[in-house]
Structures are given as C-alpha cells and as structure tokens.
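Visitor: One file is attached below, entry07.pdb, containing PDB, C-alpha atoms and all ligand atoms.
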ATOM      1  CA  MET A   1       3.069  -4.605 -42.320
ATOM      2  CA  LYS A   2       1.813  -1.484 -40.630
ATOM      3  CA  LYS A   3       2.924  -0.950 -37.063
ATOM      4  CA  LEU A   4       0.121  -0.855 -34.509
ATOM      5  CA  VAL A   5       0.860   0.061 -30.907
ATOM      6  CA  VAL A   6      -1.836  -0.799 -28.387
ATOM      7  CA  LEU A   7      -1.615   1.022 -25.070
ATOM      8  CA  THR A   8      -3.753  -0.686 -22.454
ATOM      9  CA  GLY A   9      -4.823  -0.134 -18.868
ATOM     10  CA  ALA A  10      -6.954  -1.830 -16.260
ATOM     11  CA  GLY A  11     -10.129  -1.417 -18.347
ATOM     12  CA  VAL A  12      -9.037  -4.043 -20.888
ATOM     13  CA  SER A  13      -9.059  -6.642 -18.108
ATOM     14  CA  ALA A  14     -12.228  -5.397 -16.376
ATOM     15  CA  GLU A  15     -14.454  -7.843 -18.260
ATOM     16  CA  SER A  16     -12.166 -10.651 -17.081
ATOM     17  CA  GLY A  17     -13.156  -9.733 -13.530
ATOM     18  CA  ILE A  18     -10.077  -7.740 -12.511
ATOM     19  CA  SER A  19     -10.731  -4.493 -10.629
ATOM     20  CA  THR A  20      -9.681  -1.203 -12.166
ATOM     21  CA  PHE A  21      -8.007   1.411  -9.950
ATOM     22  CA  ARG A  22     -10.031   4.614 -10.218
ATOM     23  CA  ASP A  23     -13.592   3.488 -11.010
ATOM     24  CA  SER A  24     -16.080   3.371  -8.150
ATOM     25  CA  ASN A  25     -15.155   0.402  -5.944
ATOM     26  CA  GLY A  26     -11.786   0.361  -7.744
ATOM     27  CA  LEU A  27      -8.633  -0.701  -5.901
ATOM     28  CA  TRP A  28      -7.655   2.833  -4.914
ATOM     29  CA  GLU A  29     -10.995   3.344  -3.223
ATOM     30  CA  ASN A  30     -10.340   0.320  -1.028
ATOM     31  CA  TYR A  31      -6.592   0.642  -0.414
ATOM     32  CA  ASN A  32      -4.298   3.528   0.382
ATOM     33  CA  VAL A  33      -1.909   4.011  -2.548
ATOM     34  CA  ALA A  34       0.791   5.371  -0.243
ATOM     35  CA  ASP A  35       0.639   2.191   1.863
ATOM     36  CA  VAL A  36       0.756  -0.448  -0.870
ATOM     37  CA  ALA A  37       2.228   1.168  -3.976
ATOM     38  CA  THR A  38       5.171   3.326  -2.925
ATOM     39  CA  ILE A  39       8.695   2.533  -1.772
ATOM     40  CA  GLU A  40       7.982   4.382   1.489
ATOM     41  CA  GLY A  41       5.020   2.073   2.073
ATOM     42  CA  TRP A  42       7.299  -0.902   1.473
ATOM     43  CA  TRP A  43       9.792   0.151   4.131
ATOM     44  CA  ARG A  44       6.978   1.017   6.553
ATOM     45  CA  ASN A  45       5.168  -2.296   6.336
ATOM     46  CA  ARG A  46       6.535  -4.905   3.980
ATOM     47  CA  ALA A  47       4.096  -7.595   5.137
ATOM     48  CA  LEU A  48       1.128  -5.411   4.147
ATOM     49  CA  VAL A  49       2.551  -4.697   0.686
ATOM     50  CA  LEU A  50       3.386  -8.377   0.136
ATOM     51  CA  GLU A  51      -0.151  -9.317   1.147
ATOM     52  CA  PHE A  52      -1.664  -6.793  -1.282
ATOM     53  CA  TYR A  53       0.318  -8.275  -4.181
ATOM     54  CA  ASN A  54      -0.284 -11.851  -2.981
ATOM     55  CA  GLN A  55      -3.976 -11.088  -3.411
ATOM     56  CA  ARG A  56      -3.469  -9.596  -6.883
ATOM     57  CA  ARG A  57      -1.323 -12.575  -7.932
ATOM     58  CA  GLY A  58      -3.648 -15.169  -6.389
ATOM     59  CA  GLU A  59      -6.663 -13.610  -8.074
ATOM     60  CA  LEU A  60      -4.932 -13.944 -11.446
ATOM     61  CA  ALA A  61      -4.832 -17.723 -11.216
ATOM     62  CA  THR A  62      -8.584 -17.767 -11.751
ATOM     63  CA  LYS A  63      -8.846 -15.108 -14.484
ATOM     64  CA  LYS A  64      -9.030 -15.678 -18.211
ATOM     65  CA  PRO A  65      -8.362 -13.342 -21.123
ATOM     66  CA  ASN A  66     -11.536 -11.831 -22.583
ATOM     67  CA  ASP A  67     -12.439 -11.214 -26.208
ATOM     68  CA  ALA A  68     -10.695  -7.827 -26.179
ATOM     69  CA  HIS A  69      -7.337  -9.429 -25.279
ATOM     70  CA  LYS A  70      -7.987 -12.071 -27.944
ATOM     71  CA  MET A  71      -8.966  -9.567 -30.648
ATOM     72  CA  ILE A  72      -5.837  -7.504 -29.913
ATOM     73  CA  ALA A  73      -3.753 -10.678 -30.313
ATOM     74  CA  ALA A  74      -5.570 -11.643 -33.530
ATOM     75  CA  LEU A  75      -4.602  -8.294 -35.100
ATOM     76  CA  GLU A  76      -1.074  -9.762 -35.369
ATOM     77  CA  LYS A  77      -2.294 -11.527 -38.527
ATOM     78  CA  ASP A  78      -2.492  -8.192 -40.339
ATOM     79  CA  PHE A  79      -0.340  -5.792 -38.305
ATOM     80  CA  ASP A  80       2.984  -5.658 -36.564
ATOM     81  CA  VAL A  81       1.413  -5.263 -33.105
ATOM     82  CA  THR A  82       3.167  -4.251 -29.907
ATOM     83  CA  VAL A  83       1.117  -4.071 -26.740
ATOM     84  CA  VAL A  84       2.345  -1.557 -24.191
ATOM     85  CA  THR A  85       0.415  -2.296 -21.039
ATOM     86  CA  GLN A  86       0.227  -0.642 -17.660
ATOM     87  CA  ASN A  87      -1.333  -3.844 -16.357
ATOM     88  CA  ILE A  88       0.535  -6.279 -14.139
ATOM     89  CA  ASP A  89      -1.665  -9.219 -15.169
ATOM     90  CA  ASN A  90      -0.634 -11.683 -17.877
ATOM     91  CA  LEU A  91      -3.905 -11.715 -19.809
ATOM     92  CA  HIS A  92      -2.448 -10.236 -23.001
ATOM     93  CA  GLU A  93       0.068 -13.083 -23.144
ATOM     94  CA  GLN A  94      -2.636 -15.634 -22.305
ATOM     95  CA  GLY A  95      -4.793 -14.101 -25.020
ATOM     96  CA  GLY A  96      -2.044 -14.780 -27.556
ATOM     97  CA  SER A  97      -0.159 -11.478 -27.886
ATOM     98  CA  THR A  98       3.504 -12.141 -28.608
ATOM     99  CA  LYS A  99       5.009  -8.680 -28.042
ATOM    100  CA  VAL A 100       4.000  -7.199 -24.700
ATOM    101  CA  VAL A 101       5.856  -4.454 -22.835
ATOM    102  CA  HIS A 102       4.858  -4.270 -19.161
ATOM    103  CA  LEU A 103       5.479  -0.662 -18.180
ATOM    104  CA  HIS A 104       4.542  -1.180 -14.529
ATOM    105  CA  GLY A 105       5.958  -4.670 -13.971
ATOM    106  CA  GLU A 106       4.330  -8.071 -13.628
ATOM    107  CA  ALA A 107       2.400  -9.600 -10.729
ATOM    108  CA  THR A 108       3.969 -13.026 -11.223
ATOM    109  CA  LYS A 109       7.525 -11.748 -10.770
ATOM    110  CA  VAL A 110       9.530 -10.713  -7.723
ATOM    111  CA  ARG A 111      13.096  -9.558  -7.192
ATOM    112  CA  PRO A 112      15.465  -9.004  -4.272
ATOM    113  CA  GLU A 113      14.627  -5.679  -2.622
ATOM    114  CA  ASP A 114      18.133  -4.354  -3.338
ATOM    115  CA  ALA A 115      17.893  -5.006  -7.102
ATOM    116  CA  ASP A 116      16.744  -2.591  -9.794
ATOM    117  CA  GLN A 117      13.430  -3.033 -11.610
ATOM    118  CA  ASP A 118      13.517  -6.123 -13.893
ATOM    119  CA  GLU A 119      16.890  -7.279 -12.526
ATOM    120  CA  HIS A 120      17.411 -10.710 -10.929
ATOM    121  CA  THR A 121      13.688 -11.393 -11.220
ATOM    122  CA  ILE A 122      12.188 -14.676 -10.110
ATOM    123  CA  ASP A 123       8.980 -16.008 -11.615
ATOM    124  CA  VAL A 124       6.796 -17.158  -8.726
ATOM    125  CA  GLY A 125       3.709 -17.853 -10.812
ATOM    126  CA  TYR A 126       0.621 -17.407  -8.668
ATOM    127  CA  LYS A 127       2.306 -18.348  -5.372
ATOM    128  CA  PRO A 128       2.347 -16.010  -2.369
ATOM    129  CA  VAL A 129       5.579 -14.349  -1.247
ATOM    130  CA  ASN A 130       5.923 -13.531   2.437
ATOM    131  CA  LEU A 131       8.207 -11.705   4.819
ATOM    132  CA  GLY A 132      11.267 -13.970   5.215
ATOM    133  CA  ASP A 133      11.174 -15.227   1.619
ATOM    134  CA  THR A 134      14.616 -14.292   0.341
ATOM    135  CA  ASP A 135      17.064 -14.900  -2.473
ATOM    136  CA  ARG A 136      20.159 -17.070  -1.879
ATOM    137  CA  ARG A 137      21.952 -14.167  -0.203
ATOM    138  CA  GLY A 138      19.155 -13.744   2.318
ATOM    139  CA  VAL A 139      17.774 -10.543   0.763
ATOM    140  CA  GLN A 140      13.996 -10.133   1.080
ATOM    141  CA  LEU A 141      12.012 -10.521  -2.151
ATOM    142  CA  ARG A 142       9.712  -7.710  -3.264
ATOM    143  CA  PRO A 143       7.157  -7.484  -6.088
ATOM    144  CA  ASN A 144       8.720  -6.586  -9.448
ATOM    145  CA  ILE A 145       6.262  -3.730  -9.770
ATOM    146  CA  VAL A 146       6.900  -0.079 -10.595
ATOM    147  CA  TRP A 147       5.491   1.864  -7.668
ATOM    148  CA  PHE A 148       4.525   5.538  -7.607
ATOM    149  CA  GLY A 149       7.657   7.641  -7.447
ATOM    150  CA  GLU A 150       9.851   4.891  -8.951
ATOM    151  CA  ALA A 151      11.524   5.099 -12.347
ATOM    152  CA  VAL A 152       9.834   3.419 -15.313
ATOM    153  CA  PRO A 153      12.782   1.736 -17.059
ATOM    154  CA  LYS A 154      10.703   0.398 -19.985
ATOM    155  CA  PHE A 155       9.421   3.872 -20.828
ATOM    156  CA  GLU A 156      12.167   4.610 -23.330
ATOM    157  CA  THR A 157      11.427   1.409 -25.238
ATOM    158  CA  ALA A 158       7.709   2.216 -25.176
ATOM    159  CA  ALA A 159       8.311   5.778 -26.393
ATOM    160  CA  ARG A 160      10.397   4.481 -29.302
ATOM    161  CA  ILE A 161       7.650   2.005 -30.229
ATOM    162  CA  ALA A 162       5.055   4.810 -30.096
ATOM    163  CA  SER A 163       7.234   7.060 -32.248
ATOM    164  CA  GLU A 164       7.492   4.364 -34.935
ATOM    165  CA  ALA A 165       3.791   3.445 -34.948
ATOM    166  CA  ASP A 166       1.482   3.890 -37.948
ATOM    167  CA  ILE A 167      -1.624   3.595 -35.750
ATOM    168  CA  MET A 168      -2.114   3.901 -31.997
ATOM    169  CA  LEU A 169      -4.967   2.239 -30.149
ATOM    170  CA  ILE A 170      -5.619   2.972 -26.472
ATOM    171  CA  VAL A 171      -7.877   0.650 -24.475
ATOM    172  CA  GLY A 172      -9.223   1.036 -20.942
ATOM    173  CA  THR A 173      -6.984   3.554 -19.248
ATOM    174  CA  SER A 174      -7.901   6.799 -17.538
ATOM    175  CA  LEU A 175      -4.550   8.260 -18.718
ATOM    176  CA  GLN A 176      -4.043   9.786 -15.306
ATOM    177  CA  VAL A 177      -0.675   8.206 -14.586
ATOM    178  CA  TYR A 178       2.524   9.544 -16.098
ATOM    179  CA  PRO A 179       4.773   8.876 -17.872
ATOM    180  CA  ALA A 180       2.487   6.197 -19.426
ATOM    181  CA  ALA A 181      -0.132   8.791 -20.413
ATOM    182  CA  SER A 182       2.482  10.864 -22.226
ATOM    183  CA  LEU A 183       3.079   8.062 -24.761
ATOM    184  CA  VAL A 184       0.360   9.620 -26.942
ATOM    185  CA  GLN A 185       2.681  12.584 -27.358
ATOM    186  CA  TYR A 186       5.382  10.418 -28.928
ATOM    187  CA  VAL A 187       3.430   9.370 -32.031
ATOM    188  CA  ARG A 188       4.382  11.127 -35.252
ATOM    189  CA  PRO A 189       2.118  14.023 -36.239
ATOM    190  CA  GLY A 190      -0.830  12.806 -38.311
ATOM    191  CA  THR A 191      -0.758   9.267 -36.923
ATOM    192  CA  PRO A 192      -4.339   8.118 -36.277
ATOM    193  CA  ILE A 193      -5.075   7.511 -32.581
ATOM    194  CA  TYR A 194      -8.182   5.631 -31.397
ATOM    195  CA  LEU A 195      -9.309   5.169 -27.824
ATOM    196  CA  ILE A 196     -11.778   2.633 -26.425
ATOM    197  CA  ASP A 197     -13.299   3.431 -23.042
ATOM    198  CA  PRO A 198     -16.894   3.561 -21.775
ATOM    199  CA  LYS A 199     -16.222   6.896 -20.026
ATOM    200  CA  PRO A 200     -14.902  10.137 -21.527
ATOM    201  CA  VAL A 201     -11.116  10.215 -21.157
ATOM    202  CA  SER A 202      -9.136  13.398 -21.118
ATOM    203  CA  VAL A 203      -6.227  12.949 -23.517
ATOM    204  CA  PRO A 204      -3.211  15.293 -23.407
ATOM    205  CA  ILE A 205      -3.299  15.846 -27.199
ATOM    206  CA  PRO A 206      -6.159  16.742 -29.579
ATOM    207  CA  GLY A 207      -7.473  14.677 -32.484
ATOM    208  CA  VAL A 208      -8.009  11.350 -30.743
ATOM    209  CA  THR A 209     -11.108   9.411 -31.853
ATOM    210  CA  GLN A 210     -12.910   7.780 -28.939
ATOM    211  CA  ILE A 211     -15.031   4.658 -29.325
ATOM    212  CA  THR A 212     -17.234   4.978 -26.267
ATOM    213  CA  ASP A 213     -17.762   1.376 -25.267
ATOM    214  CA  VAL A 214     -16.399  -1.411 -23.085
ATOM    215  CA  ALA A 215     -13.273  -3.165 -24.337
ATOM    216  CA  THR A 216     -14.890  -6.256 -25.884
ATOM    217  CA  ARG A 217     -17.573  -4.393 -27.833
ATOM    218  CA  GLY A 218     -15.194  -1.521 -28.530
ATOM    219  CA  MET A 219     -12.605  -3.848 -30.076
ATOM    220  CA  LYS A 220     -15.263  -5.390 -32.295
ATOM    221  CA  ARG A 221     -16.269  -1.890 -33.402
ATOM    222  CA  PHE A 222     -12.630  -0.879 -33.928
ATOM    223  CA  ILE A 223     -12.139  -3.834 -36.264
ATOM    224  CA  GLU A 224     -15.433  -3.286 -38.142
ATOM    225  CA  GLU A 225     -15.610   0.512 -38.244
ATOM    226  CA  VAL A 226     -11.941   1.437 -38.454
ATOM    227  CA  ILE A 227      -9.762  -1.404 -39.756
ATOM    228  CA  LYS A 228     -12.279  -2.771 -42.288
ATOM    229  CA  GLU A 229     -14.191   0.364 -43.297
ATOM    230  CA  LYS A 230     -11.125   2.559 -43.606
ATOM    231  CA  ASN A 231      -9.188  -0.278 -45.220
ATOM    232  CA  MET A 232      -6.271   0.072 -42.810
TER     233      MET A 232
HETATM  234  N1  LIG A 301     -13.718  -1.712 -20.923
HETATM  235  C1  LIG A 301     -12.884  -0.679 -21.207
HETATM  236  N2  LIG A 301     -12.548   0.268 -20.313
HETATM  237  C2  LIG A 301     -13.081   0.169 -19.092
HETATM  238  C3  LIG A 301     -13.950  -0.866 -18.707
HETATM  239  C4  LIG A 301     -14.276  -1.846 -19.691
HETATM  240  N3  LIG A 301     -15.071  -2.877 -19.448
HETATM  241  N4  LIG A 301     -14.287  -0.679 -17.404
HETATM  242  C5  LIG A 301     -13.663   0.431 -17.007
HETATM  243  N5  LIG A 301     -12.935   0.957 -18.008
HETATM  244  C6  LIG A 301     -12.089   2.153 -18.034
HETATM  245  C7  LIG A 301     -12.464   3.243 -17.060
HETATM  246  O1  LIG A 301     -13.495   4.065 -17.612
HETATM  247  C8  LIG A 301     -11.144   4.003 -16.904
HETATM  248  O2  LIG A 301     -11.000   5.020 -17.873
HETATM  249  O3  LIG A 301     -10.779   1.777 -17.681
HETATM  250  C9  LIG A 301     -10.098   2.904 -17.152
HETATM  251  C10 LIG A 301      -9.357   2.459 -15.913
HETATM  252  O4  LIG A 301      -8.634   3.528 -15.384
HETATM  253  P1  LIG A 301      -7.768   3.346 -14.069
HETATM  254  O5  LIG A 301      -8.563   2.631 -13.027
HETATM  255  O6  LIG A 301      -7.217   4.682 -13.720
HETATM  256  O7  LIG A 301      -6.615   2.334 -14.514
HETATM  257  P2  LIG A 301      -5.282   2.635 -15.351
HETATM  258  O8  LIG A 301      -5.483   3.786 -16.274
HETATM  259  O9  LIG A 301      -4.861   1.346 -15.937
HETATM  260  O10 LIG A 301      -4.290   3.048 -14.212
HETATM  261  C11 LIG A 301      -2.964   3.348 -14.538
HETATM  262  O11 LIG A 301      -2.441   3.518 -12.214
HETATM  263  O12 LIG A 301      -2.411   2.832 -10.009
HETATM  264  C12 LIG A 301      -1.784   2.790 -11.197
HETATM  265  O13 LIG A 301      -0.076   1.345 -11.689
HETATM  266  C13 LIG A 301      -1.470   1.422 -11.709
HETATM  267  O14 LIG A 301      -1.141   0.754 -13.999
HETATM  268  C14 LIG A 301      -2.007   1.450 -13.123
HETATM  269  C15 LIG A 301      -2.041   2.940 -13.429
END
In structure tokens, what does this structure look like?

Guide:
Amino acid sequence: MKKLVVLTGAGVSAESGISTFRDSNGLWENYNVADVATIEGWWRNRALVLEFYNQRRGELATKKPNDAHKMIAALEKDFDVTVVTQNIDNLHEQGGSTKVVHLHGEATKVRPEDADQDEHTIDVGYKPVNLGDTDRRGVQLRPNIVWFGEAVPKFETAARIASEADIMLIVGTSLQVYPAASLVQYVRPGTPIYLIDPKPVSVPIPGVTQITDVATRGMKRFIEEVIKEKNM
C-alpha cells in the first residue's frame, strides 16, 4: 500500500463548527496568544489559561466529525494513511482515522505542570480542570498542549512519516506555525503534494498543487480528480 500522510490544521474542523485561529473572527482575534498559549502566560495567570482550554474542551463535547474527517479515514481502505494534525480536537479519531499524531497536544488531556509534554497525562474527557485540581502529589494540572515557545516532541516522528510518504495531502492550515509547516520540506523530492484550502496558502516549497475549496468539497475533489483520475 502506498503511504499517504495527511497534514491537517484548524480548517479541516471548521465545517464541524470549530473556530480556526487566523481567519477573521478566529481565536487569535479574540484572545491574546501570549496570555493563553505560552508558558509565560501560564505562570502569569493559570486560571485564565485553564478557562480558555475548558472552553475549547467543553465545546468539543458537542462537535461531530464532518465529511472531510470521514473521507480522510475512508482512504485507509486503499492507503497506509497517517494523519499528522496540529489540531487539539479528537475529530479525526471520531471520524475513524486509526493513526493520528497530535503535534500540538490534545484538548482532552492534562498533565502535572512539572511533567514534560505527553508524560503522566490524564484523560479528563470534556470535563473542566480548575486551579487546585492536582495529581496525587498535589501538583497543579495543566493542559497537555504544546504552547508557543515550547518544544514539539512529536515533530521527529512526524518528520520521519513525511520522509517516508508516497503522497502528501495538506488540509486547512495556513502553514504559518513552525515547525509543523516545515514538514513539507521533509518529503522526498518528486513526491506529489496536494493542498486543500479555500484561501491561497503560501507554502515554503514549490510544486504544491492547491485545490481551492473548503475541506469537505476539497476532499471529494481530491478523491475524484487526483486519486481516481490519476489512478493513485
Ligand atoms: N476548509 C478548509 N480550510 C479552511 C476552512 C474550511 N472550511 N475554513 C478555513 N480554512 C483554512 C483557512 O483558509 C486557513 O488557511 O484553514 C486555515 C486555518 O489556519 P489557522 O487559523 O492559521 O490554523 P492552523 O494553520 O491550524 O494553525 C496552526 O497555530 O495557534 C496555533 O497551535 C495552533 O495548531 C494551531 C497552529
């Protein structure tokens, strides 16, 4: 089976009703990144950061995967698919994808604030976590999210997956955040790269074919116009 790596961002979940970050009325227009998505922000006001992620987590309880998540999952019939997502939602898993790498962490998981990313994580589902909620040692729990300025421990795994891919598909990301955006540079020369996004995206390498459409329609077109027509 050919290896297909699917790199996704907030846009793949937009049609499920989850806000993107940098579109108009996106999350970063309504919140200050430095306050809610940096380690400095955490030490300044932990209650505020916890509340921001309580909202993200709570919102997820009501959201369902859309046809784009489902079509990506269905590609597993014909391809060895790995999804590398920047998203902290669980809609790829709910949509049926079995191999999902969460580069920036997961909304439903927390960890003691003295632990490294992905270590000693606790699955809290959609429940809120507040100041005073601790592990057994009494250490405050924090979101298991990769904030700006923090290391991205899953990047190496993602880069290896990209370097082994036969096809790369990018869906719904502005490619403005590194190192995630640099994953396109890890594919082997000559590997076809497709990108689905309704807006023009500036990609750090040439030769990427953009399907200018929203994720659900774009995925349908990818399957019809690329997979079927090009017999991939
Ligand atoms: N279908 C597909 N793409 C869409 C849709 C849609 N329905 N709606 C919007 N988009 C596109 C936008 O055009 C944009 O290119 O999704 C992209 C979203 O970009 P961002 O808001 O920058 O989100 P993302 O690229 O995922 O952000 C990366 O930034 O703040 C951090 O950690 C956060 O993981 C996030 C990272």

Visitor: With all atoms listed in the file as the atoms that count, which of A:Gly172, A:Pro143, A:Gly149, A:Gly41 lies nearest to Gln86 in chain A?

Guide: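 Nearest to Gln86 in chain A: A:Gly172.
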
Visitor: Could you list, with a cut-off of 7 Å and counting all atoms listed in the file, the residues of chain A near ligand LIG 301 (chain A), each shown with its nearest atom pair and the distance in Å rounded to one decimal, rows sorted by chain and ascending number, as CSV?

Guide:
residue,atom,partner,partner_atom,distance
A:Thr8,CA,A:LIG301,O9,6.9
A:Gly9,CA,A:LIG301,O9,3.3
A:Ala10,CA,A:LIG301,O9,3.8
A:Gly11,CA,A:LIG301,O3,3.3
A:Val12,CA,A:LIG301,C1,5.1
A:Ala14,CA,A:LIG301,N3,4.9
A:Glu15,CA,A:LIG301,N3,5.1
A:Thr20,CA,A:LIG301,O5,4.1
A:Phe21,CA,A:LIG301,O5,3.4
A:Arg22,CA,A:LIG301,O5,3.7
A:Asp23,CA,A:LIG301,O5,5.5
A:Gly26,CA,A:LIG301,O5,6.6
A:Gln86,CA,A:LIG301,O14,4.2
A:Asn87,CA,A:LIG301,O14,5.2
A:His104,CA,A:LIG301,O13,6.0
A:Trp147,CA,A:LIG301,O13,6.9
A:Val171,CA,A:LIG301,C1,6.1
A:Gly172,CA,A:LIG301,N2,3.5
A:Thr173,CA,A:LIG301,O8,3.3
A:Ser174,CA,A:LIG301,O2,3.6
A:Leu175,CA,A:LIG301,O8,5.2
A:Gln176,CA,A:LIG301,O6,6.2
A:Val177,CA,A:LIG301,C11,5.4
A:Ile196,CA,A:LIG301,C1,6.3
A:Asp197,CA,A:LIG301,N2,4.2
A:Pro198,CA,A:LIG301,O1,5.4
A:Lys199,CA,A:LIG301,O1,4.6
A:Val201,CA,A:LIG301,O2,6.1
A:Asp213,CA,A:LIG301,C1,6.7
A:Val214,CA,A:LIG301,N1,3.5
A:Ala215,CA,A:LIG301,N1,3.7
A:Thr216,CA,A:LIG301,N1,6.8

Visitor: Taking the file as shown, what set of residues would the PyMOL selection byres (((chain A and resi 128) around 9) and not hetatm) give back, as a list in words?

Guide: Leu50, Glu51, Tyr53, Asn54, Gln55, Arg57, Gly58, Val124, Gly125, Tyr126, Lys127, Val129 and Asn130 of chain A

Visitor: Taking 6 positions as the minimum chain separation for residues in the same chain, which residues sit within 7 Å of Leu91 in chain A when counting only C-alpha atoms? Answer as a list in words.

Guide: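 Once the nearby chain positions are removed, what remains is Lys64, Pro65 and His69 of chain A.
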
Visitor: Determine the nearest neighbour of Pro204 in chain A from the options A:Leu75, A:Ala180, A:Met219, A:Gly96, counting only C-alpha atoms.

Guide: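 Result for the nearest residue to Pro204 in chain A: A:Ala180.
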
Visitor: In terms of the shortest atom-to-atom distance over all atoms listed in the file, which of A:Asn32, A:Asn66, A:Ser202, A:Thr191 is closest to Ser163 in chain A?

Guide: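 That would be A:Thr191, the residue with the smallest distance to Ser163 in chain A.
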
Visitor: What is the CA of Leu48 in chain A to CA of Val36 in chain A distance in Å?

Guide: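 It comes out at 7.1 Å.
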
Visitor: For each of A:Ala47, A:Val184, A:Leu195, A:Leu103, take the minimum atom-to-atom distance to Arg142 in chain A, counting all atoms listed in the file, then give the residue where this is smallest.

Guide: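 Of all the options, A:Ala47 lies closest to Arg142 in chain A.
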
Visitor: For CA of Asn45 in chain A and CA of Pro179 in chain A, determine how far apart the two atoms are, in Å to one decimal place.

Guide: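 Those two atoms sit 26.7 Å apart.
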
Visitor: Do you have the CA of Tyr31 in chain A-CA of Val139 in chain A distance handy?

Guide: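 About the pair CA of Tyr31 in chain A and CA of Val139 in chain A: they are 26.8 Å apart.
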
Visitor: Hey, could you make a per-residue contact list for range 126-182 of chain A against range 112-120 of chain A with 9 Å as the cut-off, showing the nearest pair of atoms and its distance in Å to one decimal, counting all atoms listed in the file, sorted by chain and number, as CSV?

Guide:
residue,atom,partner,partner_atom,distance
A:Thr134,CA,A:Pro112,CA,7.1
A:Asp135,CA,A:Pro112,CA,6.4
A:Gly138,CA,A:Pro112,CA,8.9
A:Val139,CA,A:Pro112,CA,5.7
A:Gln140,CA,A:Pro112,CA,5.7
A:Leu141,CA,A:Pro112,CA,4.3
A:Arg142,CA,A:Glu113,CA,5.4
A:Pro143,CA,A:Glu113,CA,8.4
A:Asn144,CA,A:Gln117,CA,6.3
A:Ile145,CA,A:Gln117,CA,7.4
A:Val146,CA,A:Gln117,CA,7.2
A:Ala151,CA,A:Gln117,CA,8.4
A:Val152,CA,A:Gln117,CA,8.3
A:Pro153,CA,A:Gln117,CA,7.3

Visitor: Could you put an axis-aligned box around every listed atom of range 115-124 of chain A, padded by 8 Å on each side, and send me its centre and edge lengths in Å to one decimal, as JSON?

Guide:
{"center_x": 12.3, "center_y": -9.9, "center_z": -10.5, "size_x": 27.1, "size_y": 30.6, "size_z": 22.8}

Visitor: Env of Ala159 in chain A: 9 Å cut, atoms = only C-alpha atoms, seq-sep filter 2 positions within chain, self excluded. Answer as a list in words.

Guide: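 So the residues in contact are Lys154, Phe155, Glu156, Thr157, Ile161, Ala162, Ser163, Glu164, Ser182, Leu183, Val184, Gln185, Tyr186 and Val187 of chain A.
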
Visitor: Write out the residues from the selection above, keeping C-alpha atoms, as a CSV table (one decimal), in the coordinates of the input.

Guide:
chain,number,residue,atom,x,y,z
A,154,LYS,CA,10.7,0.4,-20.0
A,155,PHE,CA,9.4,3.9,-20.8
A,156,GLU,CA,12.2,4.6,-23.3
A,157,THR,CA,11.4,1.4,-25.2
A,161,ILE,CA,7.6,2.0,-30.2
A,162,ALA,CA,5.1,4.8,-30.1
A,163,SER,CA,7.2,7.1,-32.2
A,164,GLU,CA,7.5,4.4,-34.9
A,182,SER,CA,2.5,10.9,-22.2
A,183,LEU,CA,3.1,8.1,-24.8
A,184,VAL,CA,0.4,9.6,-26.9
A,185,GLN,CA,2.7,12.6,-27.4
A,186,TYR,CA,5.4,10.4,-28.9
A,187,VAL,CA,3.4,9.4,-32.0

Visitor: Which residue is closest to Glu59 in chain A? Choose from A:Val203, A:Ala165, A:Ala37, A:Ile88 and count all atoms listed in the file.

Guide: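 Among the listed residues, A:Ile88 lies closest to Glu59 in chain A.
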
Visitor: With all atoms listed in the file counted, which protein, DNA or RNA residues have an atom no more than 6 Å from (3.4, -1.0, -26.3) in the file frame? Please answer as a tab-separated table (two decimals) with C-alpha atoms, in the frame of the given file.

Guide:
chain	number	residue	atom	x	y	z
A	5	VAL	CA	0.86	0.06	-30.91
A	6	VAL	CA	-1.84	-0.80	-28.39
A	7	LEU	CA	-1.62	1.02	-25.07
A	82	THR	CA	3.17	-4.25	-29.91
A	83	VAL	CA	1.12	-4.07	-26.74
A	84	VAL	CA	2.35	-1.56	-24.19
A	101	VAL	CA	5.86	-4.45	-22.84
A	158	ALA	CA	7.71	2.22	-25.18

Visitor: Env of Tyr194 in chain A: 7 Å cut, atoms = only C-alpha atoms, seq-sep filter 6 positions within chain, self excluded. Answer as a short mmCIF file (atom, residue, chain, number, x, y, z; two decimals) with C-alpha atoms, in the frame of the given file.

Guide:
data_model
loop_
_atom_site.label_atom_id
_atom_site.label_comp_id
_atom_site.auth_asym_id
_atom_site.auth_seq_id
_atom_site.Cartn_x
_atom_site.Cartn_y
_atom_site.Cartn_z
CA MET A 168 -2.11 3.90 -32.00
CA LEU A 169 -4.97 2.24 -30.15
CA ILE A 170 -5.62 2.97 -26.47
CA VAL A 208 -8.01 11.35 -30.74
CA THR A 209 -11.11 9.41 -31.85
CA GLN A 210 -12.91 7.78 -28.94
#

Visitor: Could you check which of A:Thr98, A:Pro189, A:Lys220, A:Asn231 is closest to Met71 in chain A, using all atoms listed in the file?

Guide: A:Lys220
